[in-house]
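Dropping start_2.txt in here (compact mmCIF, C-alpha atoms):
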# COMPACT_ATOMS: atom_id res chain seq x y z
CA MET A 16 -73.54 75.83 -12.58
CA ILE A 17 -71.75 72.62 -11.68
CA PHE A 18 -70.84 72.75 -7.99
CA ARG A 19 -69.20 70.16 -5.74
CA GLN A 20 -68.05 70.41 -2.13
CA LEU A 21 -65.18 67.99 -1.42
CA PHE A 22 -63.69 67.09 1.96
CA ASP A 23 -60.28 66.06 3.26
CA THR A 24 -60.70 64.11 6.49
CA THR A 25 -57.10 64.59 7.65
CA SER A 26 -57.24 68.40 7.77
CA SER A 27 -61.05 68.84 7.77
CA THR A 28 -60.57 71.02 4.70
CA TYR A 29 -63.26 71.76 2.13
CA THR A 30 -62.31 72.04 -1.53
CA TYR A 31 -64.82 73.55 -3.92
CA LEU A 32 -65.27 72.75 -7.61
CA LEU A 33 -67.15 75.24 -9.77
CA ALA A 34 -67.80 75.08 -13.51
CA ASP A 35 -70.23 76.42 -16.06
CA GLU A 36 -72.30 73.69 -17.70
CA GLU A 37 -71.97 75.23 -21.15
CA HIS A 38 -68.30 76.22 -21.24
CA ARG A 39 -67.02 73.25 -19.16
CA GLU A 40 -64.12 75.24 -17.67
CA ALA A 41 -63.53 74.41 -14.01
CA LEU A 42 -61.94 76.16 -11.06
CA LEU A 43 -60.97 74.70 -7.71
CA ILE A 44 -60.87 76.63 -4.45
CA ASP A 45 -58.47 75.42 -1.73
CA PRO A 46 -57.38 72.05 -3.18
CA VAL A 47 -55.35 69.73 -0.93
CA PHE A 48 -52.06 68.24 -2.19
CA SER A 49 -52.89 64.69 -1.13
CA GLN A 50 -56.31 64.88 -2.81
CA ALA A 51 -55.12 66.06 -6.23
CA GLY A 52 -55.75 62.67 -7.79
CA ARG A 53 -59.29 62.57 -6.44
CA ASP A 54 -60.04 66.06 -7.71
CA LEU A 55 -58.63 65.41 -11.16
CA ALA A 56 -60.59 62.16 -11.40
CA LEU A 57 -63.83 64.01 -10.66
CA ILE A 58 -63.01 66.75 -13.17
CA ASN A 59 -62.28 64.10 -15.78
CA GLU A 60 -65.44 62.14 -15.04
CA LEU A 61 -67.56 65.27 -15.35
CA GLY A 62 -65.99 66.12 -18.69
CA LEU A 63 -64.45 69.39 -17.47
CA LYS A 64 -61.14 71.17 -18.04
CA LEU A 65 -59.35 72.59 -15.02
CA VAL A 66 -58.41 76.17 -15.87
CA LEU A 67 -57.88 77.89 -12.50
CA VAL A 68 -56.96 77.06 -8.90
CA ALA A 69 -57.51 79.66 -6.17
CA ASP A 70 -56.31 79.51 -2.57
CA THR A 71 -58.04 81.61 0.07
CA HIS A 72 -54.84 81.98 2.13
CA ALA A 73 -51.52 80.35 3.00
CA HIS A 74 -52.81 77.39 4.98
CA ALA A 75 -51.13 76.17 8.16
CA ASP A 76 -52.72 72.73 8.40
CA HIS A 77 -52.27 71.27 4.92
CA VAL A 78 -50.31 71.79 1.72
CA THR A 79 -52.15 73.21 -1.26
CA ALA A 80 -52.35 71.22 -4.49
CA ALA A 81 -52.15 74.39 -6.63
CA TRP A 82 -48.64 73.84 -8.02
CA LEU A 83 -49.17 70.10 -8.54
CA LEU A 84 -52.42 70.68 -10.44
CA LYS A 85 -50.68 73.31 -12.56
CA GLN A 86 -48.02 70.78 -13.53
CA LYS A 87 -50.61 68.17 -14.42
CA THR A 88 -53.13 70.33 -16.27
CA GLY A 89 -51.51 73.66 -17.17
CA CYS A 90 -54.08 75.53 -15.07
CA ARG A 91 -53.36 78.97 -13.63
CA ILE A 92 -52.92 79.75 -9.92
CA ALA A 93 -54.60 82.67 -8.16
CA SER A 94 -54.17 83.90 -4.59
CA ALA A 95 -53.94 87.18 -2.71
CA ARG A 96 -51.12 89.47 -3.78
CA ALA A 97 -50.57 90.16 -0.06
CA ILE A 98 -49.41 86.57 0.45
CA GLY A 99 -46.53 86.91 -2.00
CA ALA A 100 -46.50 83.21 -2.82
CA GLU A 101 -44.34 81.85 -5.63
CA HIS A 102 -45.72 80.34 -8.86
CA VAL A 103 -48.87 82.50 -8.74
CA ASP A 104 -50.15 83.52 -12.18
CA GLN A 105 -52.91 85.84 -11.00
CA PRO A 106 -52.18 87.82 -7.80
CA LEU A 107 -55.47 89.13 -6.51
CA ASP A 108 -56.29 92.49 -4.97
CA ASP A 109 -59.36 93.51 -3.01
CA GLY A 110 -62.33 94.05 -5.31
CA GLN A 111 -60.79 92.27 -8.27
CA SER A 112 -62.96 90.05 -10.47
CA PHE A 113 -61.58 86.76 -11.74
CA GLY A 114 -62.74 83.31 -12.75
CA VAL A 115 -63.28 81.02 -15.75
CA ALA A 116 -65.69 81.07 -18.68
CA GLY A 117 -69.20 81.39 -17.27
CA ILE A 118 -68.09 81.68 -13.62
CA SER A 119 -67.08 85.07 -12.20
CA LEU A 120 -65.86 85.63 -8.65
CA LEU A 121 -65.10 88.79 -6.71
CA ALA A 122 -62.05 88.80 -4.44
CA ILE A 123 -62.77 90.30 -1.02
CA ALA A 124 -59.78 90.97 1.24
CA THR A 125 -60.67 89.53 4.67
CA PRO A 126 -57.43 89.65 6.72
CA GLY A 127 -57.25 88.77 10.38
CA HIS A 128 -56.77 85.01 10.44
CA THR A 129 -53.71 85.69 8.30
CA ASN A 130 -52.69 88.89 6.60
CA GLY A 131 -53.35 87.45 3.15
CA CYS A 132 -56.80 85.96 3.65
CA MET A 133 -59.34 86.44 0.88
CA SER A 134 -62.95 85.43 0.47
CA TYR A 135 -64.43 84.78 -2.96
CA ARG A 136 -67.99 85.81 -3.76
CA LEU A 137 -70.02 84.80 -6.77
CA ASP A 138 -71.23 87.69 -8.90
CA ASP A 139 -74.91 86.96 -7.99
CA PRO A 140 -74.10 87.15 -4.95
CA SER A 141 -75.57 83.78 -3.95
CA MET A 142 -72.43 82.13 -2.55
CA VAL A 143 -69.28 83.22 -0.75
CA PHE A 144 -66.23 81.06 -0.08
CA THR A 145 -64.78 82.40 3.16
CA GLY A 146 -61.67 80.29 3.70
CA ASP A 147 -60.70 80.50 7.38
CA ALA A 148 -62.04 84.02 7.95
CA LEU A 149 -65.69 83.13 8.62
CA LEU A 150 -66.47 79.58 9.70
CA ILE A 151 -69.84 78.08 10.54
CA ARG A 152 -70.64 79.48 14.00
CA GLY A 153 -67.03 80.51 14.40
CA CYS A 154 -64.03 82.07 12.67
CA GLY A 155 -60.36 81.46 12.08
CA ARG A 156 -57.89 81.93 14.90
CA SER A 157 -55.81 85.10 14.95
CA ASP A 158 -52.78 84.20 17.04
CA PHE A 159 -50.19 83.39 14.35
CA GLN A 160 -49.17 84.22 10.74
CA GLN A 161 -49.67 87.98 11.17
CA GLY A 162 -53.10 87.31 12.65
CA SER A 163 -55.04 90.18 14.17
CA ALA A 164 -58.31 89.99 16.07
CA GLU A 165 -58.95 93.65 15.29
CA LYS A 166 -58.53 93.11 11.55
CA LEU A 167 -60.60 89.95 11.64
CA TYR A 168 -63.49 91.70 13.40
CA HIS A 169 -63.48 94.36 10.70
CA SER A 170 -63.33 91.73 7.93
CA LEU A 171 -66.28 89.87 9.39
CA THR A 172 -68.54 92.77 10.29
CA GLN A 173 -67.66 95.34 7.63
CA LYS A 174 -66.98 93.02 4.69
CA LEU A 175 -68.70 89.67 4.95
CA PHE A 176 -71.70 90.73 7.04
CA MET A 177 -72.41 93.40 4.41
CA LEU A 178 -73.38 90.64 1.97
CA PRO A 179 -77.07 89.69 1.60
CA ASP A 180 -78.45 87.56 4.43
CA THR A 181 -79.39 84.91 1.85
CA CYS A 182 -75.82 84.56 0.60
CA LEU A 183 -74.66 81.01 1.34
CA VAL A 184 -71.42 80.67 3.31
CA TYR A 185 -69.02 77.90 2.30
CA PRO A 186 -66.06 77.83 4.74
CA GLY A 187 -62.57 76.47 4.34
CA HIS A 188 -63.00 74.07 7.25
CA ASP A 189 -65.49 72.50 9.58
CA TYR A 190 -64.71 70.09 12.39
CA GLN A 191 -68.27 69.05 13.24
CA GLY A 192 -69.62 67.87 9.90
CA ARG A 193 -71.42 71.09 8.98
CA THR A 194 -71.28 71.95 5.30
CA VAL A 195 -72.96 75.31 4.66
CA SER A 196 -74.44 78.30 6.43
CA SER A 197 -75.65 81.74 5.38
CA ILE A 198 -74.69 85.31 6.15
CA GLY A 199 -78.00 85.80 7.93
CA GLU A 200 -77.42 82.77 10.14
CA GLU A 201 -73.91 83.83 11.08
CA LYS A 202 -74.98 87.39 11.87
CA ALA A 203 -77.56 85.95 14.24
CA PHE A 204 -75.90 82.88 15.71
CA ASN A 205 -72.12 83.02 15.27
CA VAL A 206 -70.69 82.34 18.73
CA ARG A 207 -67.82 84.80 18.39
CA VAL A 208 -69.11 87.67 16.32
CA GLY A 209 -72.86 87.19 15.86
CA ASN A 210 -75.89 88.70 17.57
CA GLY A 211 -74.36 92.17 17.75
CA ALA A 212 -71.09 91.27 19.47
CA SER A 213 -68.95 94.37 19.92
CA GLU A 214 -65.34 94.66 18.86
CA THR A 215 -64.29 94.40 22.50
CA ASP A 216 -66.41 91.27 22.95
CA PHE A 217 -64.77 89.69 19.95
CA ILE A 218 -61.18 90.69 20.74
CA GLU A 219 -61.39 89.53 24.34
CA PHE A 220 -62.96 86.24 23.23
CA MET A 221 -60.15 85.63 20.74
CA ARG A 222 -57.43 86.58 23.24
CA ALA A 223 -58.84 84.19 25.82
CA MET A 224 -58.63 81.20 23.49
CA ARG A 225 -55.80 78.79 24.15
CA LEU A 226 -55.46 76.65 21.06
CA PRO A 227 -52.62 74.19 20.37
CA HIS A 228 -50.02 75.12 17.79
CA PRO A 229 -51.02 73.72 14.36
CA LYS A 230 -49.15 70.43 13.98
CA LEU A 231 -48.16 70.96 10.35
CA ILE A 232 -47.50 74.69 10.37
CA ASP A 233 -43.72 74.39 10.06
CA GLU A 234 -44.13 72.17 7.00
CA ALA A 235 -47.30 73.59 5.47
CA VAL A 236 -46.66 77.34 5.51
CA PRO A 237 -43.26 77.26 3.73
CA ALA A 238 -44.69 74.83 1.16
CA ASN A 239 -47.74 77.01 0.63
CA MET A 240 -45.53 80.06 0.11
CA ARG A 241 -44.35 78.05 -2.92
CA SER A 242 -47.99 77.30 -3.89
CA GLY A 243 -47.39 73.71 -2.80
CA CYS A 244 -44.25 73.13 -4.85
CA PRO A 245 -41.97 70.55 -3.14
CA GLU A 246 -38.53 71.76 -2.11
CA ASP A 247 -36.92 69.76 -4.93
CA GLY A 248 -39.33 71.21 -7.48
CA LYS A 249 -40.28 67.75 -8.73
CA VAL A 250 -43.72 66.21 -9.23
CA PRO A 251 -44.09 63.21 -6.88
CA ALA A 252 -43.72 59.85 -8.53
CA VAL A 253 -46.86 58.01 -9.59
CA PRO A 254 -47.21 54.27 -10.31
CA ASP A 255 -45.17 53.58 -13.43
CA TRP A 256 -46.03 49.96 -14.10
CA ALA A 257 -49.10 50.93 -16.12
CA ASP A 258 -51.03 53.86 -17.56
CA ILE A 259 -52.96 54.26 -14.30
CA ARG A 260 -56.08 56.41 -14.00
CA MET A 261 -57.50 57.03 -10.53
CA THR A 262 -61.28 57.18 -10.30
CA TYR A 263 -63.09 59.68 -8.10
CA GLY A 264 -63.68 56.78 -5.73
CA GLY A 265 -59.92 56.26 -5.40
CA VAL A 266 -59.66 53.08 -7.47
CA PRO A 267 -56.67 52.68 -9.84
CA GLU A 268 -57.85 51.62 -13.29
CA ILE A 269 -56.30 50.69 -16.62
CA ASP A 270 -58.13 50.62 -19.93
CA ALA A 271 -58.72 47.75 -22.32
CA ASP A 272 -56.16 48.89 -24.89
CA TRP A 273 -53.36 48.97 -22.33
CA LEU A 274 -54.28 45.52 -21.02
CA GLN A 275 -54.37 43.92 -24.45
CA GLN A 276 -50.91 45.32 -25.21
CA HIS A 277 -49.40 44.15 -21.90
CA LEU A 278 -50.99 40.78 -21.16
CA ASP A 279 -47.55 39.20 -20.81
CA ARG A 280 -46.60 41.62 -18.01
CA VAL A 281 -49.53 41.19 -15.62
CA THR A 282 -51.63 38.60 -13.86
CA VAL A 283 -55.28 38.94 -14.88
CA LEU A 284 -57.63 38.02 -12.03
CA ASP A 285 -61.28 37.30 -12.86
CA VAL A 286 -63.54 37.86 -9.84
CA ARG A 287 -66.86 36.91 -11.43
CA LEU A 288 -68.94 33.92 -10.41
CA SER A 289 -67.83 30.56 -11.77
CA GLU A 290 -70.77 30.25 -14.13
CA GLU A 291 -70.02 33.70 -15.56
CA ALA A 292 -66.36 32.90 -16.05
CA THR A 293 -67.09 29.78 -18.11
CA ASP A 294 -69.64 31.53 -20.29
CA CYS A 295 -67.46 34.07 -22.06
CA SER A 296 -65.02 33.24 -24.86
CA LEU A 297 -63.44 36.69 -24.58
CA SER A 298 -62.38 36.26 -20.97
CA SER A 299 -60.86 32.84 -21.63
CA LYS A 300 -58.24 34.54 -23.77
CA LEU A 301 -57.32 36.98 -21.00
CA VAL A 302 -57.68 35.40 -17.58
CA ASP A 303 -54.77 33.87 -15.69
CA ILE A 304 -56.61 33.05 -12.47
CA HIS A 305 -60.24 32.96 -11.36
CA ILE A 306 -61.38 33.63 -7.78
CA PRO A 307 -64.98 34.79 -7.19
CA LEU A 308 -65.11 38.08 -5.30
CA ASP A 309 -66.83 36.59 -2.23
CA GLN A 310 -63.89 34.18 -1.82
CA LEU A 311 -61.05 36.58 -2.51
CA ARG A 312 -60.28 37.60 1.08
CA GLU A 313 -59.66 33.97 2.02
CA ARG A 314 -57.71 33.16 -1.13
CA THR A 315 -55.37 36.11 -1.70
CA ALA A 316 -52.39 33.80 -1.19
CA GLU A 317 -53.29 32.18 -4.53
CA VAL A 318 -52.73 35.46 -6.38
CA PRO A 319 -49.14 35.84 -7.65
CA SER A 320 -47.45 38.92 -6.23
CA ASP A 321 -44.29 38.98 -8.32
CA ILE A 322 -45.92 40.92 -11.19
CA PRO A 323 -48.77 43.46 -11.26
CA VAL A 324 -52.36 42.28 -10.98
CA VAL A 325 -55.29 43.47 -13.09
CA THR A 326 -58.71 42.55 -11.75
CA LEU A 327 -61.72 42.22 -14.01
CA CYS A 328 -65.41 41.41 -13.90
CA ARG A 329 -68.39 42.10 -16.16
CA SER A 330 -68.73 45.85 -15.58
CA GLY A 331 -65.79 46.95 -13.39
CA ARG A 332 -67.83 47.23 -10.19
CA ARG A 333 -66.74 44.02 -8.48
CA SER A 334 -63.19 44.30 -9.76
CA ALA A 335 -62.90 47.71 -8.09
CA LEU A 336 -63.68 46.12 -4.72
CA ALA A 337 -61.21 43.35 -5.53
CA VAL A 338 -58.48 46.00 -5.89
CA THR A 339 -59.26 47.31 -2.40
CA ILE A 340 -59.15 43.79 -0.95
CA LEU A 341 -55.79 43.09 -2.53
CA GLN A 342 -54.37 46.44 -1.43
CA GLU A 343 -55.43 45.69 2.15
CA THR A 344 -53.37 42.51 2.05
CA GLY A 345 -50.21 44.15 0.69
CA PHE A 346 -50.54 44.24 -3.08
CA ASP A 347 -49.22 47.60 -4.27
CA ARG A 348 -49.24 47.00 -8.03
CA VAL A 349 -52.88 46.32 -8.71
CA ALA A 350 -55.56 47.96 -10.86
CA SER A 351 -59.07 47.30 -12.09
CA LEU A 352 -60.01 46.96 -15.76
CA SER A 353 -62.08 50.06 -16.51
CA HIS A 354 -65.67 49.10 -17.44
CA GLY A 355 -64.73 45.42 -17.20
CA LEU A 356 -65.40 42.98 -20.01
CA MET A 357 -68.18 45.26 -21.25
CA GLY A 358 -65.46 47.76 -22.13
CA MET A 359 -63.33 45.05 -23.77
CA SER A 360 -66.17 43.99 -26.05
CA GLN A 361 -66.53 47.58 -27.30
CA THR A 362 -62.89 47.96 -28.36
Now, as a test, write the supplied structure out as structure tokens.
Amino acid sequence: MIFRQLFDTTSSTYTYLLADEEHREALLIDPVFSQAGRDLALINELGLKLVLVADTHAHADHVTAAWLLKQKTGCRIASARAIGAEHVDQPLDDGQSFGVAGISLLAIATPGHTNGCMSYRLDDPSMVFTGDALLIRGCGRSDFQQGSAEKLYHSLTQKLFMLPDTCLVYPGHDYQGRTVSSIGEEKAFNVRVGNGASETDFIEFMRAMRLPHPKLIDEAVPANMRSGCPEDGKVPAVPDWADIRMTYGGVPEIDADWLQQHLDRVTVLDVRLSEEATDCSLSSKLVDIHIPLDQLRERTAEVPSDIPVVTLCRSGRRSALAVTILQETGFDRVASLSHGLMGMSQT
């Protein structure tokens, strides 16, 4: 199985990518709207096809990317029927199996943080994705969105803690850099519900918590009830000056074919060393300006800003950093030549 754990620093949200190596169909659990480009870049780089997006609940701290990914890829959306969100193709009930070719998950209703919380367990069962129900050494709060400490205690102790101790726990969030736990660990060490805590212990603990209101709840929850669809129902605009592809590292790239067809519309910036730049007949036909990468920060004023800039080097590594440098100094229409001159020579 192909498995990746991705992180959004703004909301401390984990997104999970799962795919079968043979069938190459991918599913994403809890994708974040602002990270859709990153996730699609990774899926593309791994040679996968996104088929399904599943949210564990209606989040209060970020907007899901489910609807946006559906518009971009045609994937289906799954979430708990109890949520009642719009644009959902596969409403899930407790005990329902779902997934993509080669990857099967079991939906486990785990309400308490919200009424529509679900956890997703692999068929094995070697992994469980617990959303905000069970966190590492903690759990989701239960003081808003139809939350219930009583329901959450039952979900944790009678649903999730019934899984094998070896089952790995992948939560929806972590605020201290922890990435994975296990059912056995949480049964033993979870501060709120572990080590035999009674229902009274748990409920009184949860009632005594005084947490600030989620900053984005008024924006996030209504959007997530639409599966992340903006109020105007339109896909946000993307750069339209070129056929831009975002890499997993967040670098905008264009390919050699596009560049060759649009040389009159861009400034081509060569960031190789001087001796490299003079030793390539191909680049002499393309380059408008040459500034070695180690000098670029001091010489950005020499780069025209009235038309888009395409950076290039031998392989695309240095030109990717050049894009970042230019963006930091205010260039908003800039991209790296994918695979550099090596890619040009192969076209």
* Have a look at A:Met177, A:Ala335, A:Cys182, A:Leu150 and name the one nearest to Met261 (chain A); count only C-alpha atoms. => A:Ala335
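When CA of Ala34 (chain A) is paired with CA of Leu137 (chain A), their separation reads 12.0 Å.
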* Which neighbours of region 262-279 of chain A fall inside 9 Å, counting all atoms listed in the file, when residues of the same chain fewer than 3 positions from it are skipped, and could you give them as a ChimeraX atom specification? -> /A:52-60,257-259,282-283,301,325,335-336,338-339,349-356,358-359,362
* To do: Provide the CA of Asp108 (chain A) to CA of Met221 (chain A) distance in Å, to one decimal place.
  => 26.9 Å
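Summary of the local environment: counting only C-alpha atoms, residues at most 10 Å from region 98-101 of chain A, other than itself and those fewer than 6 positions away along its chain, are A:Thr71, A:His72, A:Ala73, A:Trp82, A:Ile92, A:Leu107, A:Thr129, A:Asn130, A:Gly131, A:Cys132, A:Met133, A:Pro237, A:Ala238, A:Asn239, A:Met240, A:Arg241, A:Ser242, A:Gly243, A:Cys244.
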Would you be able to write out as a compact mmCIF listing (two decimals) with C-alpha atoms, in the frame of the given file which residues have an atom within 10 Å of (-57.0, 86.5, -4.0) in the file's coordinates, counting all atoms listed in the file?
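Written file, result-v3.txt:
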# COMPACT_ATOMS: atom_id res chain seq x y z
CA ALA A 69 -57.51 79.66 -6.17
CA ASP A 70 -56.31 79.51 -2.57
CA THR A 71 -58.04 81.61 0.07
CA HIS A 72 -54.84 81.98 2.13
CA ILE A 92 -52.92 79.75 -9.92
CA ALA A 93 -54.60 82.67 -8.16
CA SER A 94 -54.17 83.90 -4.59
CA ALA A 95 -53.94 87.18 -2.71
CA ARG A 96 -51.12 89.47 -3.78
CA ALA A 97 -50.57 90.16 -0.06
CA ILE A 98 -49.41 86.57 0.45
CA GLN A 105 -52.91 85.84 -11.00
CA PRO A 106 -52.18 87.82 -7.80
CA LEU A 107 -55.47 89.13 -6.51
CA ASP A 108 -56.29 92.49 -4.97
CA ASP A 109 -59.36 93.51 -3.01
CA GLY A 110 -62.33 94.05 -5.31
CA GLN A 111 -60.79 92.27 -8.27
CA SER A 112 -62.96 90.05 -10.47
CA PHE A 113 -61.58 86.76 -11.74
CA LEU A 121 -65.10 88.79 -6.71
CA ALA A 122 -62.05 88.80 -4.44
CA ILE A 123 -62.77 90.30 -1.02
CA ALA A 124 -59.78 90.97 1.24
CA THR A 125 -60.67 89.53 4.67
CA GLY A 131 -53.35 87.45 3.15
CA CYS A 132 -56.80 85.96 3.65
CA MET A 133 -59.34 86.44 0.88
CA SER A 134 -62.95 85.43 0.47
CA TYR A 135 -64.43 84.78 -2.96
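Coordinates place CA of Ile151 (chain A) at a distance of 7.1 Å from CA of Glu201 (chain A).
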